[in-house]
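Q: Just so it is clear, I am handing over data.csv, which has CSV, C-alpha atoms.
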chain,number,residue,atom,x,y,z
A,1,MET,CA,103.5,64.9,75.2
A,2,ASN,CA,104.1,63.3,71.8
A,3,GLY,CA,107.6,62.5,72.9
A,4,ILE,CA,108.7,66.2,73.0
A,5,GLU,CA,109.7,67.8,76.3
A,6,LYS,CA,109.0,71.4,76.7
A,7,PRO,CA,112.2,73.5,77.1
A,8,THR,CA,113.0,74.5,80.6
A,9,SER,CA,113.1,78.2,79.8
A,10,ALA,CA,109.6,78.1,78.2
A,11,ARG,CA,107.9,76.7,81.3
A,12,PRO,CA,105.7,78.9,83.5
A,13,ARG,CA,107.5,80.3,86.6
A,14,PRO,CA,104.7,81.1,89.1
A,15,GLY,CA,107.1,81.6,92.0
A,16,LEU,CA,109.3,84.1,90.3
A,17,ALA,CA,106.1,85.7,88.8
A,18,GLY,CA,104.7,86.1,92.3
A,19,LEU,CA,107.8,87.7,93.6
A,20,LEU,CA,108.0,90.1,90.7
A,21,ALA,CA,104.4,91.2,91.3
A,22,LEU,CA,105.0,91.7,95.0
A,23,THR,CA,108.1,93.7,94.3
A,24,ALA,CA,106.2,95.8,91.8
A,25,LEU,CA,103.4,96.5,94.3
A,26,GLY,CA,105.9,97.4,97.0
A,27,ALA,CA,107.6,99.8,94.6
A,28,ALA,CA,104.3,101.3,93.6
A,29,ALA,CA,103.3,101.8,97.3
A,30,CYS,CA,106.6,103.5,98.1
A,31,ALA,CA,106.3,105.8,95.1
A,32,ILE,CA,102.6,106.7,95.8
A,33,VAL,CA,103.3,107.5,99.4
A,34,GLY,CA,106.5,109.3,98.7
A,35,ILE,CA,104.9,111.5,96.0
A,36,TRP,CA,101.5,112.3,97.3
A,37,PHE,CA,101.4,111.4,101.1
A,38,ARG,CA,104.6,113.0,102.4
A,39,GLY,CA,102.8,114.9,105.1
A,40,GLU,CA,103.1,118.6,105.9
A,41,ALA,CA,106.6,119.8,106.0
A,42,GLY,CA,108.5,123.1,106.1
A,43,THR,CA,112.2,123.9,105.9
A,44,ARG,CA,114.8,125.5,108.1
A,45,THR,CA,118.5,126.2,107.9
A,46,VAL,CA,120.7,124.0,110.1
A,47,GLU,CA,124.5,124.2,110.7
A,48,THR,CA,126.4,121.2,109.5
A,49,LEU,CA,130.1,120.3,109.5
A,50,TYR,CA,130.4,121.9,106.0
A,51,GLY,CA,128.3,124.9,106.7
A,52,PRO,CA,124.6,125.9,106.7
A,53,VAL,CA,122.1,123.9,104.7
A,54,GLU,CA,118.4,124.0,104.2
A,55,VAL,CA,116.6,120.8,105.4
A,56,ILE,CA,113.0,119.6,105.5
A,57,VAL,CA,111.3,119.5,109.0
A,58,GLY,CA,108.2,117.3,109.3
A,59,GLY,CA,106.7,114.7,107.1
A,60,LEU,CA,108.3,111.5,105.7
A,61,TYR,CA,111.5,113.1,104.4
A,62,GLN,CA,112.5,115.0,107.5
A,63,GLY,CA,116.2,115.8,107.6
A,64,ASN,CA,116.7,115.7,103.9
A,65,SER,CA,117.4,118.7,101.6
A,66,PRO,CA,114.6,119.8,99.3
A,67,ALA,CA,116.8,119.2,96.2
A,68,LEU,CA,117.6,115.6,97.3
A,69,VAL,CA,113.9,114.9,97.8
A,70,ALA,CA,113.0,116.4,94.5
A,71,GLU,CA,115.4,114.0,92.8
A,72,GLY,CA,113.8,111.1,94.4
A,73,ILE,CA,110.3,112.2,93.4
A,74,GLY,CA,111.4,112.4,89.8
A,75,TRP,CA,112.7,108.9,90.1
A,76,ASP,CA,109.4,107.7,91.7
A,77,TYR,CA,107.4,109.0,88.8
A,78,VAL,CA,109.4,106.9,86.3
A,79,THR,CA,109.1,103.8,88.6
A,80,LEU,CA,105.4,104.2,89.1
A,81,PHE,CA,104.3,105.0,85.6
A,82,LEU,CA,106.8,103.1,83.5
A,83,VAL,CA,108.6,100.3,85.5
A,84,VAL,CA,105.8,99.0,87.7
A,85,PRO,CA,103.4,98.5,84.8
A,86,ALA,CA,106.2,96.7,82.9
A,87,MET,CA,106.8,94.4,85.9
A,88,LEU,CA,103.2,93.6,86.3
A,89,VAL,CA,102.9,92.6,82.6
A,90,LEU,CA,106.0,90.5,82.9
A,91,SER,CA,104.7,88.8,86.0
A,92,VAL,CA,101.6,87.7,84.1
A,93,LEU,CA,103.7,86.4,81.2
A,94,LEU,CA,106.1,84.6,83.6
A,95,GLY,CA,103.2,82.9,85.4
A,96,LYS,CA,101.5,81.7,82.1
A,97,HIS,CA,104.3,81.0,79.7
A,98,GLY,CA,107.8,81.7,81.0
A,99,GLY,CA,110.3,82.1,78.2
A,100,MET,CA,113.9,83.2,78.0
A,101,ARG,CA,113.2,86.7,76.7
A,102,VAL,CA,110.7,87.4,79.5
A,103,GLN,CA,113.1,86.1,82.1
A,104,VAL,CA,116.0,88.3,80.8
A,105,ALA,CA,113.7,91.4,81.0
A,106,THR,CA,112.6,90.3,84.5
A,107,GLY,CA,116.2,90.2,85.7
A,108,GLY,CA,116.9,93.7,84.4
A,109,LEU,CA,113.9,95.2,86.2
A,110,PHE,CA,114.7,93.3,89.4
A,111,PHE,CA,118.1,94.9,89.2
A,112,TYR,CA,116.6,98.3,88.7
A,113,CYS,CA,114.5,98.0,91.8
A,114,LEU,CA,117.4,96.6,93.8
A,115,TYR,CA,119.5,99.6,92.8
A,116,GLN,CA,116.8,102.2,93.4
A,117,TYR,CA,115.6,101.1,96.8
A,118,PHE,CA,119.0,100.2,98.2
A,119,GLN,CA,120.1,103.7,97.2
A,120,TYR,CA,117.0,105.2,98.9
A,121,ALA,CA,117.7,103.2,102.1
A,122,ILE,CA,121.3,104.5,102.4
A,123,GLY,CA,120.9,107.9,100.8
A,124,TYR,CA,117.8,109.4,102.5
A,125,ALA,CA,117.9,110.4,106.2
A,126,PHE,CA,116.5,107.6,108.3
A,127,GLY,CA,112.7,107.8,108.4
A,128,PRO,CA,109.3,105.9,108.3
A,129,LEU,CA,109.9,104.7,104.8
A,130,THR,CA,113.3,103.1,105.5
A,131,PRO,CA,111.9,99.7,106.4
A,132,ALA,CA,109.8,99.7,103.2
A,133,PHE,CA,112.9,100.6,101.1
A,134,ILE,CA,114.8,97.7,102.7
A,135,ALA,CA,112.0,95.2,102.1
A,136,VAL,CA,111.6,96.1,98.5
A,137,ALA,CA,115.4,96.1,97.9
A,138,GLY,CA,115.7,92.7,99.6
A,139,GLY,CA,112.9,91.2,97.6
A,140,ALA,CA,114.4,92.6,94.4
A,141,MET,CA,117.8,91.1,95.3
A,142,LEU,CA,116.3,87.7,95.8
A,143,GLY,CA,114.4,88.0,92.5
A,144,PHE,CA,117.5,89.2,90.6
A,145,VAL,CA,119.6,86.3,91.7
A,146,TRP,CA,116.7,83.9,91.1
A,147,SER,CA,116.1,85.2,87.6
A,148,LEU,CA,119.8,85.0,86.7
A,149,GLY,CA,119.7,81.3,87.5
A,150,THR,CA,117.0,80.8,84.9
A,151,ILE,CA,118.8,82.5,82.0
A,152,LEU,CA,122.3,81.2,82.1
A,153,ASP,CA,121.7,78.8,79.2
A,154,ALA,CA,120.4,81.4,76.9
A,155,ARG,CA,122.2,81.7,73.5
A,156,PRO,CA,122.4,84.8,71.3
A,157,GLY,CA,121.1,84.5,67.8
A,158,PRO,CA,122.6,86.0,64.6
A,159,GLY,CA,120.6,89.3,65.1
A,160,TYR,CA,122.3,90.1,68.4
A,161,PRO,CA,123.6,93.8,68.2
A,162,ARG,CA,127.1,93.0,69.6
A,163,ARG,CA,128.8,96.1,68.2
A,164,ALA,CA,126.0,98.4,69.2
A,165,MET,CA,126.0,96.8,72.7
A,166,VAL,CA,129.7,97.3,73.1
A,167,ALA,CA,129.4,100.9,72.0
A,168,VAL,CA,126.6,101.6,74.5
A,169,LEU,CA,128.3,100.0,77.4
A,170,ALA,CA,131.6,101.8,76.6
A,171,PHE,CA,129.7,105.1,76.4
A,172,LEU,CA,128.0,104.5,79.7
A,173,LEU,CA,131.3,103.7,81.3
A,174,LEU,CA,132.9,106.8,80.0
A,175,VAL,CA,130.0,109.1,80.9
A,176,MET,CA,129.7,107.8,84.5
A,177,VAL,CA,133.5,107.9,85.1
A,178,GLY,CA,133.8,111.4,83.6
A,179,MET,CA,130.7,113.0,85.2
A,180,TRP,CA,130.9,111.4,88.6
A,181,GLY,CA,134.7,111.6,88.8
A,182,ALA,CA,134.6,115.3,88.2
A,183,ARG,CA,131.8,115.8,90.7
A,184,ILE,CA,133.7,113.9,93.4
A,185,ALA,CA,136.9,115.8,92.6
A,186,GLY,CA,135.0,119.1,92.8
A,187,ALA,CA,133.7,118.2,96.2
A,188,LEU,CA,137.0,117.4,97.8
A,189,PRO,CA,137.8,121.1,98.7
A,190,GLN,CA,135.8,121.6,101.9
A,191,ALA,CA,134.5,124.9,100.7
A,192,ASN,CA,132.6,123.2,97.8
A,193,ARG,CA,131.5,120.1,99.7
A,194,GLN,CA,128.1,121.2,101.1
A,195,ALA,CA,126.7,122.3,97.7
A,196,ALA,CA,128.0,119.1,96.1
A,197,LEU,CA,126.5,116.8,98.7
A,198,LEU,CA,122.9,118.3,98.5
A,199,GLY,CA,122.7,118.4,102.3
A,200,GLY,CA,123.8,114.8,102.7
A,201,THR,CA,127.0,113.3,104.1
A,202,THR,CA,128.1,111.3,101.0
A,203,MET,CA,127.2,110.7,97.4
A,204,PRO,CA,125.3,107.4,97.1
A,205,VAL,CA,124.4,107.8,93.4
A,206,GLN,CA,128.0,108.4,92.4
A,207,VAL,CA,129.4,105.7,94.7
A,208,MET,CA,127.0,103.0,93.6
A,209,ASP,CA,127.5,103.8,89.9
A,210,LEU,CA,131.3,103.8,90.2
A,211,VAL,CA,131.5,100.7,92.4
A,212,LEU,CA,128.7,98.6,90.7
A,213,LEU,CA,127.8,99.8,87.3
A,214,CYS,CA,131.2,100.9,85.9
A,215,PRO,CA,132.9,97.5,86.6
A,216,LEU,CA,130.0,95.6,85.1
A,217,CYS,CA,130.0,97.8,82.0
A,218,LEU,CA,133.8,97.2,81.6
A,219,PHE,CA,133.5,93.4,82.3
A,220,PHE,CA,130.6,92.8,79.9
A,221,THR,CA,132.3,94.9,77.2
A,222,VAL,CA,135.4,92.6,77.5
A,223,LEU,CA,133.2,89.5,77.3
A,224,LEU,CA,131.4,90.8,74.3
A,225,LEU,CA,134.6,91.7,72.5
A,226,ARG,CA,135.9,88.1,73.2
A,227,ARG,CA,132.5,86.7,72.1
A,228,VAL,CA,131.9,84.9,75.5
A,229,ARG,CA,128.3,83.7,75.5
A,230,LEU,CA,127.5,84.7,79.1
A,231,GLY,CA,128.5,88.3,78.3
A,232,PHE,CA,125.8,88.5,75.6
A,233,VAL,CA,123.1,87.4,78.1
A,234,LEU,CA,124.2,89.5,81.0
A,235,ALA,CA,124.8,92.6,78.9
A,236,ALA,CA,121.1,92.4,77.9
A,237,VAL,CA,120.1,92.3,81.5
A,238,LEU,CA,122.2,95.3,82.3
A,239,THR,CA,120.9,97.4,79.5
A,240,VAL,CA,117.2,96.6,80.5
A,241,LYS,CA,118.1,98.1,83.8
A,242,GLY,CA,120.0,100.9,82.2
A,243,SER,CA,117.1,101.9,80.0
A,244,ALA,CA,114.8,102.4,83.0
A,245,LEU,CA,117.6,104.0,85.1
A,246,GLY,CA,118.7,106.4,82.4
A,247,LEU,CA,115.1,107.8,82.2
A,248,ALA,CA,114.9,107.8,86.0
A,249,VAL,CA,118.1,109.8,86.5
A,250,GLY,CA,117.1,112.2,83.7
A,251,ALA,CA,113.9,112.8,85.6
A,252,MET,CA,115.8,113.2,88.9
A,253,VAL,CA,118.0,115.9,87.5
A,254,LEU,CA,115.1,117.6,85.8
A,255,THR,CA,113.0,117.8,89.0
A,256,ALA,CA,116.0,118.8,91.1
A,257,SER,CA,116.6,121.6,88.5
A,258,LEU,CA,113.0,122.8,88.9
A,259,THR,CA,113.5,122.9,92.7
A,260,THR,CA,116.8,124.7,92.7
A,261,GLY,CA,116.1,127.0,89.7
A,262,GLU,CA,119.4,125.9,88.0
A,263,LEU,CA,118.7,124.0,84.8
A,264,GLN,CA,121.3,121.2,84.2
A,265,LEU,CA,120.7,120.7,80.5
A,266,VAL,CA,123.7,118.6,79.7
A,267,PRO,CA,123.1,115.8,82.3
A,268,ILE,CA,119.4,115.8,81.5
A,269,VAL,CA,120.0,115.2,77.8
A,270,LEU,CA,122.8,112.7,78.5
A,271,PHE,CA,120.8,110.5,80.8
A,272,PHE,CA,117.6,110.5,78.7
A,273,GLY,CA,119.8,109.7,75.7
A,274,MET,CA,121.5,106.9,77.6
A,275,GLY,CA,118.1,105.5,78.5
A,276,ALA,CA,117.0,105.5,74.9
A,277,ALA,CA,120.2,103.9,73.7
A,278,CYS,CA,120.0,101.1,76.3
A,279,ALA,CA,116.3,100.5,75.5
A,280,THR,CA,117.1,100.1,71.8
A,281,VAL,CA,120.0,97.6,72.2
A,282,SER,CA,118.2,95.7,75.0
A,283,VAL,CA,115.1,95.1,72.8
A,284,LEU,CA,117.3,94.0,69.9
A,285,ALA,CA,119.4,91.7,72.1
A,286,ILE,CA,116.4,90.1,73.8
A,287,ARG,CA,114.7,89.5,70.5
A,288,SER,CA,117.8,87.6,69.3
A,289,LEU,CA,118.1,85.3,72.3
A,290,ASN,CA,117.3,81.6,71.8
Turn the structure described in the file into structure tokens.
A:
Amino acid sequence: MNGIEKPTSARPRPGLAGLLALTALGAAACAIVGIWFRGEAGTRTVETLYGPVEVIVGGLYQGNSPALVAEGIGWDYVTLFLVVPAMLVLSVLLGKHGGMRVQVATGGLFFYCLYQYFQYAIGYAFGPLTPAFIAVAGGAMLGFVWSLGTILDARPGPGYPRRAMVAVLAFLLLVMVGMWGARIAGALPQANRQAALLGGTTMPVQVMDLVLLCPLCLFFTVLLLRRVRLGFVLAAVLTVKGSALGLAVGAMVLTASLTTGELQLVPIVLFFGMGAACATVSVLAIRSLN
């Protein structure tokens, strides 16, 4: 109209908006069922390869340790009351207006859901919710890739917090490598393994962070230092995800501490602080994008 074509990024994206809303509703359903409709369950001690461990018998989380389930419930609260409402609001904005800033935030929240429910699917003992975890993670994976394809032409403006973003990503990298490396090293002696694994057979949180998030933090830090445009955009996506994940992991550690009676104050403060730092730089970065 009037000889002016509307920018591609500013066009409504009803397909992506619909997928975002469906992913949000799937995440909400998993969280509601997991928190309030777990079913009656007791615990008993079973003998494992690394010694005796208390596991849940009955209900949706049968076969998992109470501490592991408590971590997941803390994560579910953050997803249900913080992330899902944000996703629903973004889905409305995507369907009506589109816009580069909305699409960057959308990519970050898709990445968050992909990370959470993929981790649930491989971390929890197999149970009735496993197909739902796989479905939500699969939808989030599709949405994440789709949203990335819509933001690759974004350009940072003069207000982009490049130095702050580099500092936050480097801090995340150092914290994850330090904390999780120490935990993995501490679990290598067989006598310590059962307590470190929380009744499981591996460490999905630590493995996914070290395999996925740490290399991304390092790569985007290098791109930012070299002023590569793509690094500015993808770092904003990562910190959107990091803001929600930092709060979620802080809640996980807090609820697990309440279950075990051992308050882990340092990790709780670190992860809540990481979430706040990521939220700050992601807002500033998204506001600066053209």
Q: Please return, as number ranges by chain, all polymer residues that have at least one atom within 9 Å of the point (127.0, 96.3, 85.2); use all atoms listed in the file and the file's own coordinate frame.
A: A: 169, 209, 212-220, 234-235, 237-239, 242
Q: Looking at all atoms listed in the file, which of A:Ala28, A:Ala135, A:Ala164, A:Leu265 is the one that sits closest to Ser282 (chain A)?
A: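 Answer, going by the shortest atom-to-atom distance: A:Ala164.
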Q: I want to know what sits within 8 Å of Val249 (chain A), based on only C-alpha atoms, with residues of the same chain fewer than 5 positions away left out; could you give that as a VMD selection string?
A: chain A and resid 74 to 75 268 271 to 272
Q: Could you write those residues out with C-alpha atoms, as a PDB file, in the coordinates of the input?
A:
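Final output, saved to result31.pdb:
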ATOM      1  CA  GLY A  74     111.400 112.400  89.800  1.00  0.00           C
ATOM      2  CA  TRP A  75     112.700 108.900  90.100  1.00  0.00           C
ATOM      3  CA  ILE A 268     119.400 115.800  81.500  1.00  0.00           C
ATOM      4  CA  PHE A 271     120.800 110.500  80.800  1.00  0.00           C
ATOM      5  CA  PHE A 272     117.600 110.500  78.700  1.00  0.00           C
TER       6      PHE A 272
END
Q: Find the residue from A:Thr23, A:Thr48, A:Thr280, A:Thr106 that sits nearest to Ser243 (chain A); use only C-alpha atoms when measuring.
A: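 Checking each candidate against Ser243 (chain A), we get A:Thr280 as the closest.
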Q: Choose the residue, out of A:Met203, A:Phe81, A:Ala170, A:Val55, that has the smallest atom-to-atom separation from Ala185 (chain A); count all atoms listed in the file.
A: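 Using all atoms listed in the file, the shortest distance to Ala185 (chain A) belongs to A:Met203.
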Q: If we count only C-alpha atoms, what is near region 129-133 of chain A at a cut-off of 8 Å, once residues fewer than 6 positions away on the same chain are taken out, given as a VMD selection string?
A: chain A and resid 26 30 60 117 to 118 120 to 121
Q: Nearest to Met87 (chain A): which of A:Gly107, A:Gly127, A:Gly138, A:Gly149 is it, counting only C-alpha atoms?
A: A:Gly107
Q: At what distance in Å, to one decimal, does CA of Ile73 (chain A) lie from CA of Val145 (chain A)?
A: 27.6 Å
Q: Would you kindly return, as a ChimeraX atom specification, each protein, DNA or RNA residue with an atom no farther than 12 Å from any atom of Gln116 (chain A), considering all atoms listed in the file and excluding same-chain residues fewer than 3 positions away?
A: /A:27,30-31,71-73,75-76,78-79,83,109-113,119-124,133-134,136-138,140-141,204-205,208-209,241-242,244-246,248-249,252
Q: Could you turn the residues from that selection into a file that holds C-alpha atoms, as a JSON list (two decimals), in the coordinates of the input?
A:
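Saved file selection25.json follows:
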[["chain", "number", "residue", "atom", "x", "y", "z"],
["A", 27, "ALA", "CA", 107.60, 99.80, 94.60],
["A", 30, "CYS", "CA", 106.60, 103.50, 98.10],
["A", 31, "ALA", "CA", 106.30, 105.80, 95.10],
["A", 71, "GLU", "CA", 115.40, 114.00, 92.80],
["A", 72, "GLY", "CA", 113.80, 111.10, 94.40],
["A", 73, "ILE", "CA", 110.30, 112.20, 93.40],
["A", 75, "TRP", "CA", 112.70, 108.90, 90.10],
["A", 76, "ASP", "CA", 109.40, 107.70, 91.70],
["A", 78, "VAL", "CA", 109.40, 106.90, 86.30],
["A", 79, "THR", "CA", 109.10, 103.80, 88.60],
["A", 83, "VAL", "CA", 108.60, 100.30, 85.50],
["A", 109, "LEU", "CA", 113.90, 95.20, 86.20],
["A", 110, "PHE", "CA", 114.70, 93.30, 89.40],
["A", 111, "PHE", "CA", 118.10, 94.90, 89.20],
["A", 112, "TYR", "CA", 116.60, 98.30, 88.70],
["A", 113, "CYS", "CA", 114.50, 98.00, 91.80],
["A", 119, "GLN", "CA", 120.10, 103.70, 97.20],
["A", 120, "TYR", "CA", 117.00, 105.20, 98.90],
["A", 121, "ALA", "CA", 117.70, 103.20, 102.10],
["A", 122, "ILE", "CA", 121.30, 104.50, 102.40],
["A", 123, "GLY", "CA", 120.90, 107.90, 100.80],
["A", 124, "TYR", "CA", 117.80, 109.40, 102.50],
["A", 133, "PHE", "CA", 112.90, 100.60, 101.10],
["A", 134, "ILE", "CA", 114.80, 97.70, 102.70],
["A", 136, "VAL", "CA", 111.60, 96.10, 98.50],
["A", 137, "ALA", "CA", 115.40, 96.10, 97.90],
["A", 138, "GLY", "CA", 115.70, 92.70, 99.60],
["A", 140, "ALA", "CA", 114.40, 92.60, 94.40],
["A", 141, "MET", "CA", 117.80, 91.10, 95.30],
["A", 204, "PRO", "CA", 125.30, 107.40, 97.10],
["A", 205, "VAL", "CA", 124.40, 107.80, 93.40],
["A", 208, "MET", "CA", 127.00, 103.00, 93.60],
["A", 209, "ASP", "CA", 127.50, 103.80, 89.90],
["A", 241, "LYS", "CA", 118.10, 98.10, 83.80],
["A", 242, "GLY", "CA", 120.00, 100.90, 82.20],
["A", 244, "ALA", "CA", 114.80, 102.40, 83.00],
["A", 245, "LEU", "CA", 117.60, 104.00, 85.10],
["A", 246, "GLY", "CA", 118.70, 106.40, 82.40],
["A", 248, "ALA", "CA", 114.90, 107.80, 86.00],
["A", 249, "VAL", "CA", 118.10, 109.80, 86.50],
["A", 252, "MET", "CA", 115.80, 113.20, 88.90]]
Q: In terms of the shortest atom-to-atom distance over all atoms listed in the file, which of A:Leu114, A:Ile32, A:Ala196, A:Val253 is closest to Leu270 (chain A)?
A: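 Once distances to Leu270 (chain A) are computed over all atoms listed in the file, the minimum belongs to A:Val253.
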Q: Measure the distance from CA of Ser147 (chain A) to CA of Ala276 (chain A) in Å and round it to one decimal.
A: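 We find that CA of Ser147 (chain A) and CA of Ala276 (chain A) lie 24.0 Å from each other.
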Q: May I have the residues within 7 Å of Pro156 (chain A) as a PyMOL selection string, using all atoms listed in the file and disregarding those fewer than 2 positions away in the same chain?
A: chain A and resi 154+158+160+232+288-290
Q: Show me, as JSON lines, the residues of region 53-118 of chain A having an atom within 10 Å of region 11-22 of chain A, each with the closest atom pair and its distance in Å, using only C-alpha atoms.
A:
{"residue": "A:Val84", "atom": "CA", "partner": "A:Ala21", "partner_atom": "CA", "distance": 8.7}
{"residue": "A:Pro85", "atom": "CA", "partner": "A:Ala21", "partner_atom": "CA", "distance": 9.8}
{"residue": "A:Met87", "atom": "CA", "partner": "A:Leu20", "partner_atom": "CA", "distance": 6.6}
{"residue": "A:Leu88", "atom": "CA", "partner": "A:Ala21", "partner_atom": "CA", "distance": 5.7}
{"residue": "A:Val89", "atom": "CA", "partner": "A:Ala21", "partner_atom": "CA", "distance": 8.9}
{"residue": "A:Leu90", "atom": "CA", "partner": "A:Ala17", "partner_atom": "CA", "distance": 7.6}
{"residue": "A:Ser91", "atom": "CA", "partner": "A:Ala17", "partner_atom": "CA", "distance": 4.4}
{"residue": "A:Val92", "atom": "CA", "partner": "A:Ala17", "partner_atom": "CA", "distance": 6.8}
{"residue": "A:Leu93", "atom": "CA", "partner": "A:Ala17", "partner_atom": "CA", "distance": 8.0}
{"residue": "A:Leu94", "atom": "CA", "partner": "A:Ala17", "partner_atom": "CA", "distance": 5.3}
{"residue": "A:Gly95", "atom": "CA", "partner": "A:Pro14", "partner_atom": "CA", "distance": 4.4}
{"residue": "A:Lys96", "atom": "CA", "partner": "A:Pro12", "partner_atom": "CA", "distance": 5.2}
{"residue": "A:His97", "atom": "CA", "partner": "A:Pro12", "partner_atom": "CA", "distance": 4.6}
{"residue": "A:Gly98", "atom": "CA", "partner": "A:Pro12", "partner_atom": "CA", "distance": 4.3}
{"residue": "A:Gly99", "atom": "CA", "partner": "A:Arg11", "partner_atom": "CA", "distance": 6.7}
{"residue": "A:Met100", "atom": "CA", "partner": "A:Arg11", "partner_atom": "CA", "distance": 9.4}
{"residue": "A:Gln103", "atom": "CA", "partner": "A:Arg13", "partner_atom": "CA", "distance": 9.2}
{"residue": "A:Thr106", "atom": "CA", "partner": "A:Leu20", "partner_atom": "CA", "distance": 7.7}
{"residue": "A:Gly107", "atom": "CA", "partner": "A:Leu20", "partner_atom": "CA", "distance": 9.6}
{"residue": "A:Leu109", "atom": "CA", "partner": "A:Leu20", "partner_atom": "CA", "distance": 9.0}
{"residue": "A:Phe110", "atom": "CA", "partner": "A:Leu20", "partner_atom": "CA", "distance": 7.5}
Q: Find the residue from A:Gly63, A:Gly42, A:Gly250, A:Pro52 that sits nearest to Ala191 (chain A); use all atoms listed in the file when measuring.
A: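 When distances to Ala191 (chain A) are compared using all atoms listed in the file, the smallest one comes from A:Pro52.
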Q: Hey, can you check how far CA of Leu188 (chain A) sits from CA of Leu172 (chain A)?
A: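 Interatomic distance here is 24.0 Å.
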